[in-house]
Every structure is written in C-alpha cells, then in structure tokens.
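Colleague: model_22.pdb is reproduced below (PDB, C-alpha atoms and all ligand atoms).
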MODEL        1
ATOM      1  CA  MET T   1     100.316 100.941 145.037  1.00  0.00           C
ATOM      2  CA  PHE T   2     102.313 100.243 141.893  1.00  0.00           C
ATOM      3  CA  SER T   3     103.176  96.774 143.144  1.00  0.00           C
ATOM      4  CA  SER T   4      99.496  95.951 143.648  1.00  0.00           C
ATOM      5  CA  ILE T   5      98.668  97.254 140.170  1.00  0.00           C
ATOM      6  CA  SER T   6     101.421  95.221 138.600  1.00  0.00           C
ATOM      7  CA  SER T   7     100.546  92.071 140.574  1.00  0.00           C
ATOM      8  CA  GLY T   8      97.066  92.057 139.050  1.00  0.00           C
ATOM      9  CA  ILE T   9      95.301  91.849 142.441  1.00  0.00           C
ATOM     10  CA  SER T  10      93.618  95.188 141.908  1.00  0.00           C
ATOM     11  CA  GLU T  11      92.983  94.904 138.158  1.00  0.00           C
ATOM     12  CA  LYS T  12      89.233  95.547 138.611  1.00  0.00           C
ATOM     13  CA  ILE T  13      89.813  98.566 140.818  1.00  0.00           C
ATOM     14  CA  TRP T  14      92.421  99.801 138.359  1.00  0.00           C
ATOM     15  CA  ALA T  15      90.007  99.359 135.443  1.00  0.00           C
ATOM     16  CA  GLY T  16      87.356 101.318 137.358  1.00  0.00           C
ATOM     17  CA  PHE T  17      89.694 104.167 138.120  1.00  0.00           C
ATOM     18  CA  SER T  18      91.312 104.394 134.725  1.00  0.00           C
ATOM     19  CA  GLY T  19      87.930 104.352 132.929  1.00  0.00           C
ATOM     20  CA  SER T  20      86.342 106.985 135.135  1.00  0.00           C
ATOM     21  CA  ARG T  21      85.983 110.557 133.959  1.00  0.00           C
ATOM     22  CA  ILE T  22      85.575 112.023 137.421  1.00  0.00           C
ATOM     23  CA  THR T  23      88.059 110.129 139.536  1.00  0.00           C
ATOM     24  CA  LEU T  24      91.629 111.339 139.372  1.00  0.00           C
ATOM     25  CA  LEU T  25      94.184 108.717 140.259  1.00  0.00           C
ATOM     26  CA  THR T  26      97.409 109.705 141.964  1.00  0.00           C
ATOM     27  CA  ILE T  27      99.803 106.911 142.732  1.00  0.00           C
ATOM     28  CA  ASN T  28     102.673 106.661 145.187  1.00  0.00           C
ATOM     29  CA  GLY T  29     105.009 104.258 146.927  1.00  0.00           C
ATOM     30  CA  ASP T  30     108.700 103.656 146.300  1.00  0.00           C
ATOM     31  CA  ILE T  31     108.814 106.010 143.321  1.00  0.00           C
ATOM     32  CA  ARG T  32     112.439 107.139 143.162  1.00  0.00           C
ATOM     33  CA  ASP T  33     112.288 110.211 140.980  1.00  0.00           C
ATOM     34  CA  ARG T  34     110.431 112.016 138.188  1.00  0.00           C
ATOM     35  CA  GLU T  35     111.701 109.711 135.435  1.00  0.00           C
ATOM     36  CA  HIS T  36     110.720 106.622 137.437  1.00  0.00           C
ATOM     37  CA  GLY T  37     107.229 108.098 137.941  1.00  0.00           C
ATOM     38  CA  LEU T  38     106.878 108.897 134.244  1.00  0.00           C
ATOM     39  CA  GLU T  39     107.963 105.360 133.362  1.00  0.00           C
ATOM     40  CA  ILE T  40     105.149 103.963 135.557  1.00  0.00           C
ATOM     41  CA  ALA T  41     102.649 106.451 134.106  1.00  0.00           C
ATOM     42  CA  ARG T  42     103.567 105.369 130.571  1.00  0.00           C
ATOM     43  CA  LYS T  43     102.805 101.748 131.503  1.00  0.00           C
ATOM     44  CA  HIS T  44      99.490 102.748 133.131  1.00  0.00           C
ATOM     45  CA  PRO T  45      97.833 105.410 130.949  1.00  0.00           C
ATOM     46  CA  GLY T  46      94.999 106.076 133.457  1.00  0.00           C
ATOM     47  CA  VAL T  47      97.356 107.595 136.019  1.00  0.00           C
ATOM     48  CA  ASN T  48      96.767 111.333 136.562  1.00  0.00           C
ATOM     49  CA  GLY T  49      99.489 112.103 139.054  1.00  0.00           C
ATOM     50  CA  ILE T  50     102.547 110.793 140.840  1.00  0.00           C
ATOM     51  CA  MET T  51     103.595 111.452 144.429  1.00  0.00           C
ATOM     52  CA  ILE T  52     107.195 111.076 145.496  1.00  0.00           C
ATOM     53  CA  GLY T  53     107.806 110.934 149.238  1.00  0.00           C
ATOM     54  CA  ARG T  54     110.924 109.286 150.592  1.00  0.00           C
ATOM     55  CA  GLY T  55     112.652 109.541 147.213  1.00  0.00           C
ATOM     56  CA  VAL T  56     113.580 113.104 148.119  1.00  0.00           C
ATOM     57  CA  PHE T  57     115.722 111.807 150.994  1.00  0.00           C
ATOM     58  CA  SER T  58     118.048 109.933 148.660  1.00  0.00           C
ATOM     59  CA  ASP T  59     117.864 112.481 145.821  1.00  0.00           C
ATOM     60  CA  PRO T  60     116.858 116.047 146.721  1.00  0.00           C
ATOM     61  CA  PHE T  61     116.654 116.809 142.989  1.00  0.00           C
ATOM     62  CA  CYS T  62     114.237 113.947 142.296  1.00  0.00           C
ATOM     63  CA  PHE T  63     111.529 116.289 140.950  1.00  0.00           C
ATOM     64  CA  ARG T  64     113.735 117.760 138.242  1.00  0.00           C
ATOM     65  CA  LYS T  65     113.258 117.137 134.550  1.00  0.00           C
ATOM     66  CA  SER T  66     116.956 116.592 134.015  1.00  0.00           C
ATOM     67  CA  LYS T  67     119.661 115.484 136.392  1.00  0.00           C
ATOM     68  CA  THR T  68     121.832 118.090 138.070  1.00  0.00           C
ATOM     69  CA  ASP T  69     124.904 119.420 136.325  1.00  0.00           C
ATOM     70  CA  ALA T  70     127.858 117.753 138.066  1.00  0.00           C
ATOM     71  CA  ASP T  71     129.804 121.064 138.090  1.00  0.00           C
ATOM     72  CA  ASN T  72     127.576 122.857 140.581  1.00  0.00           C
ATOM     73  CA  HIS T  73     126.117 119.834 142.365  1.00  0.00           C
ATOM     74  CA  LYS T  74     127.971 120.584 145.601  1.00  0.00           C
ATOM     75  CA  GLU T  75     126.940 124.264 145.620  1.00  0.00           C
ATOM     76  CA  GLU T  76     123.327 123.316 144.995  1.00  0.00           C
ATOM     77  CA  LEU T  77     123.347 120.782 147.815  1.00  0.00           C
ATOM     78  CA  LEU T  78     124.818 123.353 150.217  1.00  0.00           C
ATOM     79  CA  ALA T  79     122.308 125.994 149.093  1.00  0.00           C
ATOM     80  CA  LEU T  80     119.481 123.542 149.733  1.00  0.00           C
ATOM     81  CA  LEU T  81     120.759 122.805 153.234  1.00  0.00           C
ATOM     82  CA  ASN T  82     120.979 126.549 153.916  1.00  0.00           C
ATOM     83  CA  TYR T  83     117.386 126.887 152.726  1.00  0.00           C
ATOM     84  CA  HIS T  84     116.378 124.003 155.017  1.00  0.00           C
ATOM     85  CA  LEU T  85     118.094 125.807 157.934  1.00  0.00           C
ATOM     86  CA  ASP T  86     116.186 129.018 157.140  1.00  0.00           C
ATOM     87  CA  LEU T  87     112.890 127.136 157.042  1.00  0.00           C
ATOM     88  CA  PHE T  88     113.719 125.399 160.307  1.00  0.00           C
ATOM     89  CA  ASP T  89     114.417 128.769 161.978  1.00  0.00           C
ATOM     90  CA  SER T  90     111.257 130.373 160.665  1.00  0.00           C
ATOM     91  CA  TYR T  91     108.974 127.494 161.732  1.00  0.00           C
ATOM     92  CA  GLN T  92     110.775 126.554 164.934  1.00  0.00           C
ATOM     93  CA  PRO T  93     108.894 129.093 167.124  1.00  0.00           C
ATOM     94  CA  ILE T  94     105.580 127.629 165.939  1.00  0.00           C
ATOM     95  CA  LEU T  95     106.525 123.956 165.904  1.00  0.00           C
ATOM     96  CA  GLY T  96     108.953 123.946 168.826  1.00  0.00           C
ATOM     97  CA  ARG T  97     110.970 121.155 167.255  1.00  0.00           C
ATOM     98  CA  PRO T  98     114.348 120.531 168.930  1.00  0.00           C
ATOM     99  CA  PHE T  99     117.473 121.345 166.885  1.00  0.00           C
ATOM    100  CA  GLU T 100     118.611 117.712 167.222  1.00  0.00           C
ATOM    101  CA  THR T 101     115.757 116.576 164.941  1.00  0.00           C
ATOM    102  CA  LEU T 102     117.345 118.544 162.102  1.00  0.00           C
ATOM    103  CA  LYS T 103     120.526 116.470 162.159  1.00  0.00           C
ATOM    104  CA  ARG T 104     119.030 113.431 160.470  1.00  0.00           C
ATOM    105  CA  PHE T 105     118.591 115.524 157.323  1.00  0.00           C
ATOM    106  CA  PHE T 106     122.276 116.509 157.020  1.00  0.00           C
ATOM    107  CA  LYS T 107     123.159 113.340 155.140  1.00  0.00           C
ATOM    108  CA  ILE T 108     120.693 114.255 152.369  1.00  0.00           C
ATOM    109  CA  TYR T 109     122.738 117.320 151.471  1.00  0.00           C
ATOM    110  CA  ILE T 110     126.256 116.574 152.662  1.00  0.00           C
ATOM    111  CA  ARG T 111     127.172 113.791 150.275  1.00  0.00           C
ATOM    112  CA  ASP T 112     128.751 112.995 146.921  1.00  0.00           C
ATOM    113  CA  PHE T 113     131.627 115.475 147.233  1.00  0.00           C
ATOM    114  CA  ASP T 114     135.149 115.407 148.652  1.00  0.00           C
ATOM    115  CA  GLY T 115     135.241 115.999 152.399  1.00  0.00           C
ATOM    116  CA  ALA T 116     131.511 115.304 152.822  1.00  0.00           C
ATOM    117  CA  LYS T 117     132.027 112.600 155.444  1.00  0.00           C
ATOM    118  CA  GLU T 118     134.307 114.817 157.566  1.00  0.00           C
ATOM    119  CA  LEU T 119     131.909 117.751 157.283  1.00  0.00           C
ATOM    120  CA  ARG T 120     128.967 115.553 158.313  1.00  0.00           C
ATOM    121  CA  GLU T 121     130.871 114.479 161.405  1.00  0.00           C
ATOM    122  CA  LYS T 122     131.514 118.111 162.376  1.00  0.00           C
ATOM    123  CA  LEU T 123     127.878 119.015 161.742  1.00  0.00           C
ATOM    124  CA  MET T 124     126.742 116.285 164.108  1.00  0.00           C
ATOM    125  CA  HIS T 125     128.466 118.196 166.943  1.00  0.00           C
ATOM    126  CA  THR T 126     126.663 121.485 166.297  1.00  0.00           C
ATOM    127  CA  THR T 127     124.079 122.818 168.726  1.00  0.00           C
ATOM    128  CA  ASP T 128     122.189 125.377 166.625  1.00  0.00           C
ATOM    129  CA  THR T 129     121.584 126.484 163.034  1.00  0.00           C
ATOM    130  CA  ASP T 130     124.137 129.315 163.208  1.00  0.00           C
ATOM    131  CA  GLU T 131     126.894 126.850 164.044  1.00  0.00           C
ATOM    132  CA  VAL T 132     125.841 124.826 160.997  1.00  0.00           C
ATOM    133  CA  ARG T 133     125.938 127.939 158.803  1.00  0.00           C
ATOM    134  CA  GLN T 134     129.421 128.809 160.058  1.00  0.00           C
ATOM    135  CA  LEU T 135     130.705 125.388 159.075  1.00  0.00           C
ATOM    136  CA  LEU T 136     129.037 125.598 155.656  1.00  0.00           C
ATOM    137  CA  GLU T 137     130.652 128.992 155.009  1.00  0.00           C
ATOM    138  CA  LYS T 138     134.098 127.421 155.370  1.00  0.00           C
ATOM    139  CA  VAL T 139     133.443 124.792 152.679  1.00  0.00           C
TER     140      VAL T 139
HETATM  141  C1  LIG J   1     108.981 114.307 152.869  1.00  0.00           C
HETATM  142  C2  LIG J   1     107.613 113.775 152.587  1.00  0.00           C
HETATM  143  C3  LIG J   1     106.603 114.678 152.281  1.00  0.00           C
HETATM  144  C4  LIG J   1     105.317 114.234 152.009  1.00  0.00           C
HETATM  145  N1  LIG J   1     104.344 115.149 151.699  1.00  0.00           N
HETATM  146  C5  LIG J   1     103.105 114.704 151.409  1.00  0.00           C
HETATM  147  C6  LIG J   1     102.074 115.639 151.073  1.00  0.00           C
HETATM  148  O1  LIG J   1     102.279 116.861 151.057  1.00  0.00           O
HETATM  149  N2  LIG J   1     100.839 115.141 150.772  1.00  0.00           N
HETATM  150  C7  LIG J   1     100.575 113.799 150.785  1.00  0.00           C
HETATM  151  O2  LIG J   1      99.445 113.401 150.494  1.00  0.00           O
HETATM  152  N3  LIG J   1     101.525 112.913 151.086  1.00  0.00           N
HETATM  153  C8  LIG J   1     102.765 113.329 151.413  1.00  0.00           C
HETATM  154  N4  LIG J   1     103.738 112.420 151.745  1.00  0.00           N
HETATM  155  C9  LIG J   1     103.412 110.989 151.734  1.00  0.00           C
HETATM  156  C10 LIG J   1     103.876 110.382 150.411  1.00  0.00           C
HETATM  157  O3  LIG J   1     103.285 111.030 149.323  1.00  0.00           O
HETATM  158  C11 LIG J   1     103.551 108.907 150.298  1.00  0.00           C
HETATM  159  O4  LIG J   1     102.211 108.649 150.600  1.00  0.00           O
HETATM  160  C12 LIG J   1     104.390 108.047 151.210  1.00  0.00           C
HETATM  161  O5  LIG J   1     105.559 108.680 151.643  1.00  0.00           O
HETATM  162  C13 LIG J   1     104.734 106.755 150.481  1.00  0.00           C
HETATM  163  O6  LIG J   1     105.413 107.060 149.273  1.00  0.00           O
HETATM  164  P1  LIG J   1     107.007 106.971 149.138  1.00  0.00           P
HETATM  165  O7  LIG J   1     107.333 105.502 149.041  1.00  0.00           O
HETATM  166  O8  LIG J   1     107.319 107.728 147.877  1.00  0.00           O
HETATM  167  O9  LIG J   1     107.572 107.608 150.368  1.00  0.00           O
HETATM  168  C14 LIG J   1     105.020 112.856 152.048  1.00  0.00           C
HETATM  169  C15 LIG J   1     106.053 111.951 152.375  1.00  0.00           C
HETATM  170  C16 LIG J   1     107.327 112.383 152.643  1.00  0.00           C
HETATM  171  C17 LIG J   1     108.398 111.380 152.966  1.00  0.00           C
ENDMDL
END
Output the structure of this file as structure tokens.
Ligand SMILES: Cc1cc2nc3c(=O)[nH]c(=O)nc-3n(C[C@H](O)[C@H](O)[C@H](O)COP(=O)(O)O)c2cc1C
Modeller:
Amino acid sequence: MFSSISSGISEKIWAGFSGSRITLLTINGDIRDREHGLEIARKHPGVNGIMIGRGVFSDPFCFRKSKTDADNHKEELLALLNYHLDLFDSYQPILGRPFETLKRFFKIYIRDFDGAKELREKLMHTTDTDEVRQLLEKV
C-alpha cells in the first residue's frame, strides 16, 4: 500500500482518505518494524494506524519502542520460543496442527547468538514440544 501511495497512482484515493473525518486508514505491506511504520506515518499525516505482518518473522521485537538490550537478547528470544510452545500446546487440541508445522518458526527465535545454528539443527530433529523444551533448558 505504501508503494502505491508513494508512486502517486492512488493520490486521489489517498486525498479522500486523509481528508475524511469518518474513515480511519490503516496501512500495511513490507513495514519492517515500529520505527519504519512511524517514519511512513510522518510522511503521510492522514495515516491512523500501521499493521506489521511478516516483519515479526525477521524481528520478533519489531513492535517495541526501543530495540532490545543486547545483554538479555538471547534469554528473551528463548523465553519467546517457550511462550510459542505453550501457545501451540494449548491450541493444538482445537486446531489439530501437526508438530512439524511449528519447526518453521524456530529460526525466528534461535538466531543471533553463539551456538544458534547447532541448536537449530538439533531442534529440527525433535518430535514434540517437550523435546524442544528439554533442549532449551540445556542452553
Ligand atoms: C503473523 C501475521 C499475523 C497477522 N495478523 C493479522 C491480523 O490479526 N489482522 C489483520 O488484519 N491482518 C493480519 N495479518 C496480515 C498483515 O497485517 C498484512 O495484511 C500482510 O501480512 C501484509 O503485510 P506485511 O508485508 O507486513 O506482511 C497478519 C500477518 C502475519 C504475517
């Protein structure tokens, strides 16, 4: 959406939205993180909200006001993965999603610290969430 705004193709639509008192405009598409969204909003004062979708896959802290403290980055990433495991377990009976589908998310959390690659490889051989937790406990 931002690219179409910036290209000028939708200038009339944009003018209509930004001048309206009743229409709230939320934009999305390739917005990396909070700061990136705010930068776009500053350039387009009519924007009421920003949605970030896939940005969370490359930066799980993308909604934060300030970037994560490097000292506890690893612990926070591991805590987030543990939280993801808990959510998976609680919704699994309703959704019936196979454990294998969870594996594609490991790389979001197991990164940017020493031994991350080796740990990811071990995690790929797990067969349930408890096995994942056991490996995380050893880190
Ligand atoms: C993990 C994830 C969660 C999303 N959750 C919502 C949601 O709750 N409501 C919604 O309208 N769109 C949701 N979307 C769609 C995104 O807001 C957006 O329309 C789409 O992903 C394109 O934006 P992106 O380039 O930031 O991914 C979600 C997308 C992703 C990847």
Colleague: Excluding T:Leu136 and residues on its chain fewer than 4 positions from it, collect all residues at most 9 Å away from it, counting all atoms listed in the file, and give them as a count of residues only.
Modeller: 5
Colleague: Can you translate the PyMOL selection byres (((not hetatm)) within 10 of (chain J and resi 1)) into the concrete residues it hits in this file, as a list in words?
Modeller: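 Evaluating the PyMOL selection byres (((not hetatm)) within 10 of (chain J and resi 1)) on this file yields Met1, Thr26, Ile27, Asn28, Gly29, Asp30, Ile31, Arg32, Asp33, Gly37, Ile50, Met51, Ile52, Gly53, Arg54, Gly55, Val56 and Phe57 of chain T.
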Colleague: Compile the contact shell of T:Phe106 as a ChimeraX atom specification: residues with an atom at most 10 Å away, counting only C-alpha atoms, same-chain residues fewer than 3 positions apart removed.
Modeller: /T:78,81,84,102-103,109-111,119-121,123-124,132
Colleague: Under the rule that all atoms listed in the file are counted, which of T:Asp128, T:Pro45, T:Glu137, T:Leu38 is the nearest residue to T:Asp89?
Modeller: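 Closest candidate: T:Asp128.
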Colleague: Which is closest to T:Glu75 among T:Asp59, T:Asp112, T:Glu35, T:Glu100, if we use only C-alpha atoms?
Modeller: T:Asp112
Colleague: Could you check how far atom CA of T:Asn48 sits from atom CA of T:Thr23, in Å to one decimal?
Modeller: 9.3 Å
Colleague: What does the structure give for the distance between atom CA of T:Lys122 and atom CA of T:Phe105, in Å to one decimal?
Modeller: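 Answer for the atom CA of T:Lys122 to atom CA of T:Phe105 separation: 14.1 Å.
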Colleague: Can you write out as JSON lines which residues of stretch 54-100 of chain T fall within 10 Å of stretch 113-116 of chain T, alongside each residue's closest atom pair and its distance in Å to one decimal, counting all atoms listed in the file and ordering rows by chain and ascending residue number?
Modeller:
{"residue": "T:His73", "atom": "CA", "partner": "T:Phe113", "partner_atom": "CA", "distance": 8.5}
{"residue": "T:Lys74", "atom": "CA", "partner": "T:Phe113", "partner_atom": "CA", "distance": 6.5}
{"residue": "T:Leu77", "atom": "CA", "partner": "T:Phe113", "partner_atom": "CA", "distance": 9.9}
Colleague: Hey, can you check how far atom CA of T:Ile40 sits from atom CA of T:Phe63?
Modeller: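 Computed distance, atom CA of T:Ile40 to atom CA of T:Phe63, equals 14.9 Å.
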Colleague: Of the candidates T:Ala79, T:Phe99, T:Leu85, T:Val139, which one gets nearest to T:Thr126 if we count only C-alpha atoms?
Modeller: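 Closest to T:Thr126, using only C-alpha atoms: T:Phe99.
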